[in-house]
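Shown next: my_file_20.cif, given as mmCIF, C-alpha atoms; chains and numbers go by the auth columns.
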```cif
data_start
#
loop_
_atom_site.group_PDB
_atom_site.id
_atom_site.type_symbol
_atom_site.label_atom_id
_atom_site.label_comp_id
_atom_site.label_asym_id
_atom_site.label_seq_id
_atom_site.Cartn_x
_atom_site.Cartn_y
_atom_site.Cartn_z
_atom_site.B_iso_or_equiv
_atom_site.auth_seq_id
_atom_site.auth_asym_id
ATOM 1 C CA MET A 1 109.086 107.868 75.797 0.00 27 V
ATOM 2 C CA ASN A 2 109.558 111.219 77.439 0.00 28 V
ATOM 3 C CA VAL A 3 109.623 110.841 81.235 0.00 29 V
ATOM 4 C CA THR A 4 110.654 113.289 83.940 0.00 30 V
ATOM 5 C CA ILE A 5 111.181 112.267 87.535 0.00 31 V
ATOM 6 C CA LEU A 6 110.476 115.442 89.477 0.00 32 V
ATOM 7 C CA CYS A 7 111.674 115.320 93.055 0.00 33 V
ATOM 8 C CA VAL A 8 112.429 117.351 96.137 0.00 34 V
ATOM 9 C CA GLY A 9 116.004 117.586 97.384 0.00 35 V
ATOM 10 C CA LYS A 10 119.405 116.443 96.243 0.00 36 V
ATOM 11 C CA LEU A 11 120.857 112.980 96.633 0.00 37 V
ATOM 12 C CA LYS A 12 123.257 112.883 99.555 0.00 38 V
ATOM 13 C CA GLU A 13 124.776 109.435 99.187 0.00 39 V
ATOM 14 C CA PRO A 14 127.194 108.496 96.373 0.00 40 V
ATOM 15 C CA TRP A 15 125.560 105.061 95.953 0.00 41 V
ATOM 16 C CA GLN A 16 122.194 106.743 95.331 0.00 42 V
ATOM 17 C CA ARG A 17 123.691 108.977 92.617 0.00 43 V
ATOM 18 C CA GLN A 18 125.478 105.995 91.075 0.00 44 V
ATOM 19 C CA GLY A 19 122.282 103.909 91.102 0.00 45 V
ATOM 20 C CA CYS A 20 120.292 106.693 89.433 0.00 46 V
ATOM 21 C CA GLU A 21 123.020 107.246 86.830 0.00 47 V
ATOM 22 C CA GLU A 22 123.140 103.522 86.030 0.00 48 V
ATOM 23 C CA TYR A 23 119.385 103.195 85.530 0.00 49 V
ATOM 24 C CA LEU A 24 119.165 106.441 83.553 0.00 50 V
ATOM 25 C CA LYS A 25 121.867 105.026 81.265 0.00 51 V
ATOM 26 C CA ARG A 26 119.916 101.760 80.847 0.00 52 V
ATOM 27 C CA LEU A 27 116.656 103.622 80.253 0.00 53 V
ATOM 28 C CA SER A 28 118.186 105.842 77.552 0.00 54 V
ATOM 29 C CA ARG A 29 117.631 103.141 74.930 0.00 55 V
ATOM 30 C CA TYR A 30 113.865 103.389 75.506 0.00 56 V
ATOM 31 C CA GLY A 31 113.423 107.151 75.398 0.00 57 V
ATOM 32 C CA LYS A 32 114.274 110.374 77.167 0.00 58 V
ATOM 33 C CA TYR A 33 114.357 109.967 80.924 0.00 59 V
ATOM 34 C CA GLU A 34 115.513 112.813 83.154 0.00 60 V
ATOM 35 C CA ILE A 35 115.565 113.822 86.794 0.00 61 V
ATOM 36 C CA VAL A 36 114.620 117.360 87.807 0.00 62 V
ATOM 37 C CA GLN A 37 115.233 118.382 91.416 0.00 63 V
ATOM 38 C CA VAL A 38 113.789 121.274 93.382 0.00 64 V
ATOM 39 C CA GLU A 39 115.148 122.466 96.714 0.00 65 V
ATOM 40 C CA ASP A 40 113.795 120.954 99.881 0.00 66 V
ATOM 41 C CA VAL A 41 112.607 123.046 102.800 0.00 67 V
ATOM 42 C CA ARG A 42 114.396 122.045 105.987 0.00 68 V
ATOM 43 C CA ASP A 43 112.218 121.581 109.042 0.00 69 V
ATOM 44 C CA PRO A 44 113.185 123.549 112.141 0.00 70 V
ATOM 45 C CA GLU A 45 114.345 121.574 115.200 0.00 71 V
ATOM 46 C CA ARG A 46 110.808 121.201 116.588 0.00 72 V
ATOM 47 C CA PRO A 47 108.384 122.051 113.796 0.00 73 V
ATOM 48 C CA SER A 48 104.711 122.652 114.442 0.00 74 V
ATOM 49 C CA ASP A 49 102.111 121.151 112.112 0.00 75 V
ATOM 50 C CA ALA A 50 101.644 124.615 110.607 0.00 76 V
ATOM 51 C CA LEU A 51 105.376 124.937 109.837 0.00 77 V
ATOM 52 C CA ILE A 52 105.427 121.470 108.284 0.00 78 V
ATOM 53 C CA ARG A 53 102.436 122.361 106.080 0.00 79 V
ATOM 54 C CA GLN A 54 104.087 125.653 105.145 0.00 80 V
ATOM 55 C CA GLY A 55 107.253 123.815 104.061 0.00 81 V
ATOM 56 C CA MET A 56 105.237 121.295 102.044 0.00 82 V
ATOM 57 C CA GLU A 57 103.370 124.118 100.321 0.00 83 V
ATOM 58 C CA LYS A 58 106.635 125.883 99.456 0.00 84 V
ATOM 59 C CA GLU A 59 108.072 122.642 98.016 0.00 85 V
ATOM 60 C CA GLY A 60 104.775 122.096 96.196 0.00 86 V
ATOM 61 C CA GLU A 61 104.978 125.521 94.564 0.00 87 V
ATOM 62 C CA ALA A 62 108.502 124.727 93.345 0.00 88 V
ATOM 63 C CA LEU A 63 107.318 121.368 91.973 0.00 89 V
ATOM 64 C CA LEU A 64 104.316 122.920 90.220 0.00 90 V
ATOM 65 C CA ARG A 65 106.570 125.490 88.499 0.00 91 V
ATOM 66 C CA GLN A 66 108.320 122.554 86.768 0.00 92 V
ATOM 67 C CA ILE A 67 105.065 121.034 85.488 0.00 93 V
ATOM 68 C CA ARG A 68 103.678 122.072 82.116 0.00 94 V
ATOM 69 C CA PRO A 69 99.916 122.364 81.522 0.00 95 V
ATOM 70 C CA THR A 70 100.045 119.496 79.017 0.00 96 V
ATOM 71 C CA ASP A 71 102.017 117.081 81.234 0.00 97 V
ATOM 72 C CA ARG A 72 100.551 113.849 82.549 0.00 98 V
ATOM 73 C CA VAL A 73 101.423 113.967 86.252 0.00 99 V
ATOM 74 C CA VAL A 74 101.667 110.920 88.511 0.00 100 V
ATOM 75 C CA ALA A 75 102.189 111.528 92.226 0.00 101 V
ATOM 76 C CA LEU A 76 104.065 108.884 94.189 0.00 102 V
ATOM 77 C CA CYS A 77 102.298 108.537 97.509 0.00 103 V
ATOM 78 C CA VAL A 78 101.192 105.900 99.968 0.00 104 V
ATOM 79 C CA GLN A 79 97.505 106.684 99.361 0.00 105 V
ATOM 80 C CA ALA A 80 97.362 104.806 96.059 0.00 106 V
ATOM 81 C CA ALA A 81 97.337 101.337 94.573 0.00 107 V
ATOM 82 C CA ALA A 82 100.660 99.492 94.433 0.00 108 V
ATOM 83 C CA PRO A 83 100.821 97.464 91.210 0.00 109 V
ATOM 84 C CA ASP A 84 103.119 94.547 90.523 0.00 110 V
ATOM 85 C CA SER A 85 105.803 94.999 87.847 0.00 111 V
ATOM 86 C CA PRO A 86 103.652 93.846 84.885 0.00 112 V
ATOM 87 C CA GLY A 87 100.875 96.104 86.197 0.00 113 V
ATOM 88 C CA LEU A 88 103.257 99.056 86.304 0.00 114 V
ATOM 89 C CA ALA A 89 104.303 98.278 82.729 0.00 115 V
ATOM 90 C CA ARG A 90 100.639 98.388 81.635 0.00 116 V
ATOM 91 C CA LYS A 91 100.124 101.692 83.485 0.00 117 V
ATOM 92 C CA LEU A 92 103.261 103.141 81.904 0.00 118 V
ATOM 93 C CA SER A 93 102.033 102.102 78.472 0.00 119 V
ATOM 94 C CA ASP A 94 98.606 103.646 79.116 0.00 120 V
ATOM 95 C CA TRP A 95 100.092 106.867 80.488 0.00 121 V
ATOM 96 C CA MET A 96 102.394 107.265 77.500 0.00 122 V
ATOM 97 C CA ALA A 97 99.790 106.405 74.838 0.00 123 V
ATOM 98 C CA ASP A 98 98.844 110.033 74.138 0.00 124 V
ATOM 99 C CA GLY A 99 102.441 111.236 73.681 0.00 125 V
ATOM 100 C CA ARG A 100 102.399 113.725 76.538 0.00 126 V
ATOM 101 C CA ARG A 101 105.415 114.092 78.793 0.00 127 V
ATOM 102 C CA LEU A 102 105.013 111.859 81.828 0.00 128 V
ATOM 103 C CA VAL A 103 106.059 113.494 85.101 0.00 129 V
ATOM 104 C CA LEU A 104 106.473 111.243 88.127 0.00 130 V
ATOM 105 C CA VAL A 105 106.615 113.318 91.317 0.00 131 V
ATOM 106 C CA ILE A 106 108.435 112.309 94.507 0.00 132 V
ATOM 107 C CA GLY A 107 107.766 114.670 97.405 0.00 133 V
ATOM 108 C CA GLY A 108 109.970 115.778 100.247 0.00 134 V
ATOM 109 C CA SER A 109 110.342 114.158 103.648 0.00 135 V
ATOM 110 C CA ASN A 110 106.872 115.336 104.701 0.00 136 V
ATOM 111 C CA GLY A 111 105.164 114.261 101.482 0.00 137 V
ATOM 112 C CA LEU A 112 103.412 116.149 98.705 0.00 138 V
ATOM 113 C CA SER A 113 101.302 119.257 99.141 0.00 139 V
ATOM 114 C CA ASP A 114 97.571 119.200 98.498 0.00 140 V
ATOM 115 C CA ALA A 115 98.136 121.409 95.442 0.00 141 V
ATOM 116 C CA VAL A 116 100.497 118.862 93.850 0.00 142 V
ATOM 117 C CA LEU A 117 98.120 115.999 94.643 0.00 143 V
ATOM 118 C CA ALA A 118 95.265 118.002 93.116 0.00 144 V
ATOM 119 C CA ARG A 119 97.295 118.566 89.923 0.00 145 V
ATOM 120 C CA ALA A 120 98.143 114.873 89.605 0.00 146 V
ATOM 121 C CA ASP A 121 96.316 112.876 86.951 0.00 147 V
ATOM 122 C CA ALA A 122 97.069 109.657 88.847 0.00 148 V
ATOM 123 C CA ARG A 123 98.691 108.385 92.019 0.00 149 V
ATOM 124 C CA LEU A 124 101.109 105.511 92.389 0.00 150 V
ATOM 125 C CA SER A 125 102.386 103.654 95.438 0.00 151 V
ATOM 126 C CA PHE A 126 105.239 101.195 95.717 0.00 152 V
ATOM 127 C CA SER A 127 104.375 100.069 99.235 0.00 153 V
ATOM 128 C CA ASN A 128 102.641 101.034 102.448 0.00 154 V
ATOM 129 C CA LEU A 129 106.148 101.479 103.814 0.00 155 V
ATOM 130 C CA THR A 130 107.904 104.841 103.790 0.00 156 V
ATOM 131 C CA PHE A 131 111.203 104.940 101.880 0.00 157 V
ATOM 132 C CA PRO A 132 114.018 107.496 102.088 0.00 158 V
ATOM 133 C CA HIS A 133 113.652 109.745 99.066 0.00 159 V
ATOM 134 C CA GLY A 134 117.067 108.945 97.633 0.00 160 V
ATOM 135 C CA LEU A 135 116.323 105.239 97.789 0.00 161 V
ATOM 136 C CA MET A 136 112.886 105.804 96.244 0.00 162 V
ATOM 137 C CA ARG A 137 114.501 107.423 93.211 0.00 163 V
ATOM 138 C CA VAL A 138 116.655 104.354 92.646 0.00 164 V
ATOM 139 C CA VAL A 139 113.701 102.000 93.175 0.00 165 V
ATOM 140 C CA LEU A 140 111.507 104.041 90.805 0.00 166 V
ATOM 141 C CA LEU A 141 114.160 104.079 88.074 0.00 167 V
ATOM 142 C CA GLU A 142 114.753 100.337 88.459 0.00 168 V
ATOM 143 C CA GLN A 143 111.037 99.640 88.171 0.00 169 V
ATOM 144 C CA LEU A 144 110.734 101.907 85.120 0.00 170 V
ATOM 145 C CA TYR A 145 113.593 99.989 83.531 0.00 171 V
ATOM 146 C CA ARG A 146 111.868 96.689 84.365 0.00 172 V
ATOM 147 C CA ALA A 147 108.584 98.030 82.924 0.00 173 V
ATOM 148 C CA GLU A 148 110.321 99.099 79.709 0.00 174 V
ATOM 149 C CA ARG A 149 111.850 95.624 79.346 0.00 175 V
ATOM 150 C CA ILE A 150 108.430 94.030 79.897 0.00 176 V
ATOM 151 C CA LEU A 151 106.834 96.325 77.288 0.00 177 V
ATOM 152 C CA ALA A 152 109.623 95.518 74.814 0.00 178 V
ATOM 153 C CA GLY A 153 109.084 91.784 75.313 0.00 179 V
ATOM 154 C CA GLU A 154 112.563 91.389 76.778 0.00 180 V
ATOM 155 C CA ARG A 155 113.507 89.066 79.631 0.00 181 V
ATOM 156 C CA TYR A 156 113.676 90.507 83.095 0.00 182 V
ATOM 157 C CA HIS A 157 114.602 89.070 86.460 0.00 183 V
ATOM 158 C CA LYS A 158 111.542 87.960 88.432 0.00 184 V
#
```

As C-alpha cells:
Amino acid sequence: MNVTILCVGKLKEPWQRQGCEEYLKRLSRYGKYEIVQVEDVRDPERPSDALIRQGMEKEGEALLRQIRPTDRVVALCVQAAAPDSPGLARKLSDWMADGRRLVLVIGGSNGLSDAVLARADARLSFSNLTFPHGLMRVVLLEQLYRAERILAGERYHK
C-alpha cells in the first residue's frame, strides 16, 4: 500500500513523535506509509471569523499543493461516518483497490477548508469528539496498523 498522512503543523510533544515513529515502523511491513506536514497558520490573539477562514484557506492551499490529481483523498472530519475497526479495514481495502496513492488529510486547529473538503473523495470520522491534532496522528496510525492486521488475517487486540 502507498499511504500518505497529510497534516497541518508539526508535532510538539516528544511522545507524539515517538508514537508516530513506532506505528510507522510497524506499518512498514505492509507498504509505504509516510507523513507529510504543511505549516499551520497561527490565529491572532482574538481572531474574527474572517481571519479564521483566511487561515484555513491558506492551510488548505498548502495541503492541496501536496495532493496529486490521481490521488484518492480522504478528509478526516467530524461530519462523516465513524466506522469500527473492521469497517475501517474494509474501507482501507476498498480505497486501495485501484492502486492509487491514498492521502488521509488532517486539518489544522480550525479544521479543513472548503476547497480541501471539495477535493476529498471520501470523509472519515473517528468520533464526534475533537482531538488534538498530534494525538489524532497517533490514533490514525494505530488504527491503520490495526486495519492492516485485520486485512492480513492477523490477530489484533480487541

| said: Please expand the PyMOL selection byres ((chain V and resi 34-42) around 10) into the concrete residues it hits in this file, giving the result as an NGL selection string. | reply: :V and (32-33 or 43-48 or 62-68 or 85-86 or 88-89 or 131-135 or 137-138 or 159-165)

| request: Just give me the gap between atom CA of V:Tyr49 and atom CA of V:Glu168 in Å, one decimal is fine. | output: 6.2 Å

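Here atom CA of V:Asp97 is placed at a distance of 20.4 Å from atom CA of V:Glu83.
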
| message | Applying 12 Å and all atoms listed in the file, which residues near V:Asp124 remain after dropping the ones on its own chain fewer than 2 positions away? List them as a list in words. | response |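 The neighbour list is Met27, Asn28, Thr96, Asp97, Arg98, Leu118, Ser119, Asp120, Trp121, Met122, Arg126, Arg127 and Leu128 of chain V.
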
| Distance of atom CA of V:Arg91 from atom CA of V:Lys117, expressed in Å to one decimal place |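 Distance between the two atoms: 25.2 Å.
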
| query | Pick the closest to V:Tyr56 from V:Val129, V:Val29, V:Ala141, V:Val104: which is it, counting all atoms listed in the file? | reply |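 The closest residue to V:Tyr56 is V:Val29.
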
| message | Give me, as a list in words, all polymer residues having an atom no more than 10 Å from V:Arg79, counting only C-alpha atoms and skipping those fewer than 2 positions away in the same chain. | response | Pro73, Ser74, Asp75, Ala76, Leu77, Gly81, Met82, Glu83, Lys84, Glu85, Asn136, Gly137, Leu138, Ser139 and Asp140 of chain V

| request: Give the answer as one residue: which of V:Ala106, V:Arg116, V:Ala146, V:Phe157 has the shortest atom-to-atom distance to V:Ile93, using all atoms listed in the file? | output: V:Ala146

| field | Selection result of the PyMOL selection byres ((chain V and resi 53) around 10) on this file, as a list of chain:residue names | value |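 Evaluating the PyMOL selection byres ((chain V and resi 53) around 10) on these coordinates yields V:Met27, V:Glu47, V:Glu48, V:Tyr49, V:Leu50, V:Lys51, V:Arg52, V:Ser54, V:Arg55, V:Tyr56, V:Gly57, V:Lys58, V:Tyr59, V:Glu60, V:Leu167, V:Glu168, V:Leu170, V:Tyr171, V:Arg172, V:Glu174, V:Arg175.
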
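Distances to V:Pro95 were evaluated for V:Gln80, V:Leu166, V:Ala173, V:Asp147 using all atoms listed in the file, and the minimum falls at V:Asp147.
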
| Which residue of V:Val99, V:Ala115, V:Gly125, V:Ile78 approaches V:Ala144 most closely, using only C-alpha atoms |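 Of V:Val99, V:Ala115, V:Gly125, V:Ile78, the one nearest V:Ala144, counting only C-alpha atoms, is V:Val99.
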
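Between V:Val100 and the residues V:Glu71, V:Leu130, V:Leu114, V:Ala123, the shortest atom-to-atom distance, using only C-alpha atoms, involves V:Leu130.
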
| task | Take the PyMOL selection byres ((chain V and resi 103) around 7), apply it to the structure above, and return the hits as a list of chain:residue names. | result | V:Ala101, V:Leu102, V:Val104, V:Gln105, V:Ala106, V:Arg149, V:Leu150, V:Ser151

How big is the axis-aligned box around all listed atoms of stretch 40-54 of chain V once 8 Å goes on each side, and where's its centre, in Å to one decimal, as JSON?
```
{"center_x": 121.9, "center_y": 105.4, "center_z": 87.0, "size_x": 26.5, "size_y": 23.2, "size_z": 34.8}
```

| said: With distances taken over all atoms listed in the file, which residue among V:Asp110, V:Asn154, V:Gln92, V:Ala148 lies nearest V:Ile176? | reply: V:Asp110
